[in-house]
Amino acid sequence: FAPGPALQPAPSPAHVPAPVVVEKTIRFELVVQNLDYSTLKAAQGPILEDIRSAVLDAITSDLDVNADFVVMRFLSGSLIIQVELLEDDSPVSNSPMHTLWRLVTNSTLTEVVTLAINSVEGVDVFASGPVSVSDISVKVPSFVKPTRIQFLTVDPCLVARLRHDGNFYVKEIAKKLDVQPQQLVLEPPAMDGDESRPWLKSLSLLQQTRFACDLNPEAIA
């Protein structure tokens with residue numbers, strides 16, 4: 001009888017790429033004025049732990065997050081509190097984006113943390129002046145994708161004002177969008193003759209008329 005077909009090796013399983021894990025940790029730092037970390041650490045008693053507990057309570061209350069998912073560290077030098085908000089996958093927790101939105105749009109966190117630190121018994125002994133949180137520095141997480149919005153205008157004077165005093169318009173746009181000005185990047189249209197874009201030949205009318213424009217950003221053309 002005729003031999004059967006030769007046995008073929010079993011096909012190797014298709015390669016399945018590993019799922020991409022997007023880290024959803026939110027990181028920010030609080031700068032506390034007139035307190036020194038080294039002095040607090042060297043002090044006898046639980047003053048540093050009391051400050052940690054008070055700040056933790058303030059953050060969880062103000063941002064509505066679970067204390068079990070908050071990691072806090074004190075950095076050497078002046079008192080800088082480094083905070084990490086880990087992703088809480090429980091059904092009742094807020095999404096990381098919601099928490100981030102509260103953080104960058106909530107102007108009360110500095111006040112709440114300031115009050116919490118000042119409420120710690122004995123903190124005034126270590127203070128070289130009024131204790132307050134002067135700054136919150138938020139690191140943009142990798143899961144946040146910037147959004148680009150383009151505005152069209154036929155008003156050459158408006159473009160001239162955007163280029164003359166862009167900060168005014170950044171603040172006004174931030175108010176309309178209910179976000180912090182630091183979250184926005186304004187890119188005014190380039191003009192003919194810009195050194196960075198010498199090939200640009202559009203907006204020549206703007207270049208001819210810009211000197212006749214009122215550059216006061218509050219002016220209405």
# chains A, B, ... in the order shown; residues from 1 in each chain; ligands from 1
>>> residues_around(residues="A:Ala127", least_positions_apart="5", cutoff="9 Å", atoms="only C-alpha atoms", output="PyMOL selection string")
chain A and resi 33-36
>>> residues_around(residues="A:Ala67", least_positions_apart="4", cutoff="12 Å", atoms="only C-alpha atoms", output="ChimeraX atom specification")
/A:52-63,71-72,83-88,93
>>> select_by_dssp(residues="stretch 28-189 of chain A", states="alpha helix (DSSP H)", output="ChimeraX atom specification")
/A:37-42,47-63,96-105,109-118,123-126,156-164,166-177
>>> atom_distance(atom1="atom CA of A:Lys24", atom2="atom CA of A:Ser137")
17.2 Å
>>> atom_distance(atom1="atom CA of A:Val123", atom2="atom CA of A:Tyr37")
12.0 Å
>>> atom_distance(atom1="atom CA of A:Thr153", atom2="atom CA of A:Val170")
16.6 Å
>>> closest_residue(among="A:Gly122, A:Gly166, A:Pro181, A:Pro96", to="A:Leu48", atoms="only C-alpha atoms")
A:Gly122
>>> closest_residue(among="A:Arg148, A:Lys139, A:Arg73, A:Lys176", to="A:Thr25", atoms="only C-alpha atoms")
A:Lys139
